[in-house]
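Student: Have a look at this one before I ask anything.
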Amino acid sequence: IMKYYDLLPSAAGTISGNTIVCQGQNSLTYTVSPINNATSYVWTLPSGATGTSTTNSIDVDFGTTAISGDITVKGTNNCGDGATSTLAITVNPLPLAAGTITGDATVCQGQTVNYNVPTVANATSYVWTLPSGATGTSTTNAITVDFGTSATTGDITVKGANSCGDGTASTLPITVNIKPTTPIITLNGLVLQSDALVGNQWFNQNGLING
């Protein structure tokens with residue numbers, strides 16, 4: 001009597017695909033050469049990465065919580081599993097959310113103010129946005145803002161950034177008080193009168209006049 005025996009799958013070959021990826025990067029393809037005697041393939045992925053396949057190719061999504069680890073694959077059939085192949089994956093993280101911005105929330109046109117945010121983990125630079133009419137540039141966690149004479153009320157925001165992308169921004173609402181216009185003074189008899197109905201402060205050659 002002649003008997004035939006099924007063979008175990010051969011050892012899996014080298015897995016090909018990116019070995020350095022970013023959190024949030026999706027649809028990265030990994031493949032292994034067809035495995036002799038395999039009727040299916042078993043893949044495992046790093047924590048936070050997702051994807052399913054029973055073939056020699058798999059598309060992987062690296063979620064925002066993905067961490068470094070191994071991708072493995074092995075062939076399988078009704079007799080058992082073949083030897084596993086492993087590919088080490090480095091997952092670079094996104095910056096964490098920015099913390100609270102500190103600095104004056106109520107300012108005047110023409111005022112210069114310093115703002116800071118705590119160091120953002122995984123950030124290699126910082127992206128600031130300012131209200132209309134305010135100026136200042138910075139790629140660090142501190143910025144000096146010049147509220148010009150045309151500055152208006154709005155938000156200061158900041159977020160951490162790196163080669164993988166941006167973190168969640170933090171926002172500080174800013175109230176910009178408008179600088180009063182120059183009043184016009186007229187002389188009515190012996191009385192000086194300002195055309196500004198409120199907010200006047202009178203001065204003479206010796207300084208401000210009380211009252």
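We name chains A, B, ... following the order of the structure tokens; residues begin at 1 in each chain, and ligands are numbered from 1 as shown.
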Neighbours of Ser163 in chain A within 9 Å (only C-alpha atoms; same-chain residues fewer than 6 positions away dropped), as a list in words?

Tutor: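 The contact residues come out as Cys22, Asn92, Leu94 and Thr124 of chain A.
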
Student: Write the selection just made, keeping N, CA and C atoms, as a JSON list (two decimals), in the first residue's frame?

Tutor:
```json
[["chain", "number", "residue", "atom", "x", "y", "z"],
["A", 22, "CYS", "N", 5.40, 56.06, 11.34],
["A", 22, "CYS", "CA", 4.85, 57.05, 12.27],
["A", 22, "CYS", "C", 3.51, 56.59, 12.81],
["A", 92, "ASN", "N", 7.59, 55.79, 15.38],
["A", 92, "ASN", "CA", 7.87, 57.10, 15.94],
["A", 92, "ASN", "C", 6.57, 57.77, 16.37],
["A", 94, "LEU", "N", 3.70, 60.66, 17.59],
["A", 94, "LEU", "CA", 3.28, 62.04, 17.38],
["A", 94, "LEU", "C", 3.50, 62.84, 18.65],
["A", 124, "THR", "N", 9.59, 68.35, 18.32],
["A", 124, "THR", "CA", 10.89, 68.90, 17.94],
["A", 124, "THR", "C", 10.79, 70.38, 17.58]]
```

Student: May I have all residues of chain A that DSSP, computed from the backbone, assigns to strand (DSSP E or B), given as a PyMOL selection string?

Tutor: chain A and resi 16+20-22+28-31+40-44+49-50+57-62+69-77+80-81+85-92+102+106-108+112-116+125-129+134-135+142-147+154-162+165-166+170-177+185-188+191-194+203-204+207-208

Student: List the spatial neighbours of Asn37 in chain A as number ranges by chain - criterion: any atom at most 12 Å away, only C-alpha atoms, same-chain residues fewer than 2 positions off excluded.

Tutor: A: 5-12, 34-35, 39-41, 74-82

Student: Ranking A:Val158, A:Ala169, A:Ala97, A:Ile143 by minimum distance to Val127 in chain A and counting only C-alpha atoms, which one comes first?

Tutor: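 Of all the options, A:Val158 lies closest to Val127 in chain A.
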
Student: Can you pull out every residue within 9 Å of Val120 in chain A, counting only C-alpha atoms, but drop anything in the same chain fewer than 5 positions away, and send it as a list in words?

Tutor: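 The residues satisfying every condition are Pro95, Leu96, Ala97, Ala98, Gly99, Tyr126, Asn141, Lys159, Gly160, Ala161 and Gly167 of chain A.
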
Student: Do a neighbour search on range 60-68 of chain A at 8 Å with only C-alpha atoms, toss out local chain neighbours closer than 5 positions, and write the hits as number ranges by chain.

Tutor: A: 21-30, 46-52, 88-94

Student: Could those selected residues go to a file with N, CA and C atoms, as an mmCIF file, in the first residue's frame?

Tutor:
```
data_model
loop_
_atom_site.group_PDB
_atom_site.id
_atom_site.type_symbol
_atom_site.label_atom_id
_atom_site.label_comp_id
_atom_site.auth_asym_id
_atom_site.auth_seq_id
_atom_site.Cartn_x
_atom_site.Cartn_y
_atom_site.Cartn_z
ATOM 1 N N VAL A 21 8.234 53.801 10.889
ATOM 2 C CA VAL A 21 6.928 54.368 10.525
ATOM 3 C C VAL A 21 6.527 55.393 11.592
ATOM 4 N N CYS A 22 5.397 56.063 11.341
ATOM 5 C CA CYS A 22 4.852 57.054 12.270
ATOM 6 C C CYS A 22 3.506 56.590 12.808
ATOM 7 N N GLN A 23 3.215 56.982 14.044
ATOM 8 C CA GLN A 23 1.855 56.801 14.531
ATOM 9 C C GLN A 23 0.895 57.533 13.600
ATOM 10 N N GLY A 24 -0.228 56.905 13.297
ATOM 11 C CA GLY A 24 -1.211 57.515 12.416
ATOM 12 C C GLY A 24 -0.973 57.240 10.945
ATOM 13 N N GLN A 25 0.114 56.528 10.609
ATOM 14 C CA GLN A 25 0.398 56.205 9.204
ATOM 15 C C GLN A 25 -0.386 54.950 8.827
ATOM 16 N N ASN A 26 -1.060 54.999 7.683
ATOM 17 C CA ASN A 26 -1.974 53.923 7.308
ATOM 18 C C ASN A 26 -1.613 53.296 5.964
ATOM 19 N N SER A 27 -2.150 52.099 5.755
ATOM 20 C CA SER A 27 -2.078 51.375 4.471
ATOM 21 C C SER A 27 -0.644 51.120 4.030
ATOM 22 N N LEU A 28 0.201 50.696 4.966
ATOM 23 C CA LEU A 28 1.558 50.284 4.614
ATOM 24 C C LEU A 28 1.543 48.783 4.333
ATOM 25 N N THR A 29 2.117 48.388 3.209
ATOM 26 C CA THR A 29 2.049 47.001 2.766
ATOM 27 C C THR A 29 3.321 46.247 3.154
ATOM 28 N N TYR A 30 3.111 45.036 3.683
ATOM 29 C CA TYR A 30 4.216 44.132 4.028
ATOM 30 C C TYR A 30 3.980 42.806 3.304
ATOM 31 N N PRO A 46 2.518 44.743 15.783
ATOM 32 C CA PRO A 46 2.795 45.453 17.040
ATOM 33 C C PRO A 46 1.502 45.972 17.670
ATOM 34 N N SER A 47 1.565 46.233 18.976
ATOM 35 C CA SER A 47 0.408 46.784 19.681
ATOM 36 C C SER A 47 0.010 48.126 19.072
ATOM 37 N N GLY A 48 -1.287 48.301 18.830
ATOM 38 C CA GLY A 48 -1.802 49.539 18.257
ATOM 39 C C GLY A 48 -1.839 49.543 16.745
ATOM 40 N N ALA A 49 -1.258 48.521 16.106
ATOM 41 C CA ALA A 49 -1.315 48.384 14.649
ATOM 42 C C ALA A 49 -2.418 47.399 14.289
ATOM 43 N N THR A 50 -3.101 47.632 13.173
ATOM 44 C CA THR A 50 -4.208 46.776 12.770
ATOM 45 C C THR A 50 -4.076 46.375 11.311
ATOM 46 N N GLY A 51 -4.618 45.209 10.997
ATOM 47 C CA GLY A 51 -4.606 44.673 9.643
ATOM 48 C C GLY A 51 -4.834 43.179 9.707
ATOM 49 N N THR A 52 -5.506 42.622 8.713
ATOM 50 C CA THR A 52 -5.757 41.178 8.678
ATOM 51 C C THR A 52 -5.441 40.643 7.288
ATOM 52 N N ALA A 88 11.437 43.694 12.700
ATOM 53 C CA ALA A 88 11.318 44.687 13.776
ATOM 54 C C ALA A 88 10.859 46.026 13.203
ATOM 55 N N ILE A 89 9.854 46.634 13.849
ATOM 56 C CA ILE A 89 9.284 47.903 13.400
ATOM 57 C C ILE A 89 9.498 48.969 14.471
ATOM 58 N N THR A 90 10.062 50.113 14.078
ATOM 59 C CA THR A 90 10.181 51.272 14.954
ATOM 60 C C THR A 90 9.044 52.227 14.643
ATOM 61 N N VAL A 91 8.211 52.503 15.641
ATOM 62 C CA VAL A 91 7.078 53.416 15.470
ATOM 63 C C VAL A 91 7.406 54.730 16.165
ATOM 64 N N ASN A 92 7.586 55.792 15.375
ATOM 65 C CA ASN A 92 7.871 57.103 15.942
ATOM 66 C C ASN A 92 6.567 57.774 16.369
ATOM 67 N N PRO A 93 6.537 58.353 17.580
ATOM 68 C CA PRO A 93 5.280 58.901 18.107
ATOM 69 C C PRO A 93 4.987 60.305 17.610
ATOM 70 N N LEU A 94 3.703 60.664 17.589
ATOM 71 C CA LEU A 94 3.277 62.040 17.376
ATOM 72 C C LEU A 94 3.502 62.843 18.654
#
```

Student: Could you list, as a PyMOL selection string, every residue within 10 Å of Ala151 in chain A, counting only C-alpha atoms and ignoring same-chain residues fewer than 5 positions away?

Tutor: chain A and resi 107-111+130-135+146+175-179

Student: What is the distance between CA of Thr129 in chain A and CA of Thr157 in chain A, in Å to one decimal?

Tutor: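 CA of Thr157 in chain A lies 5.2 Å from CA of Thr129 in chain A.
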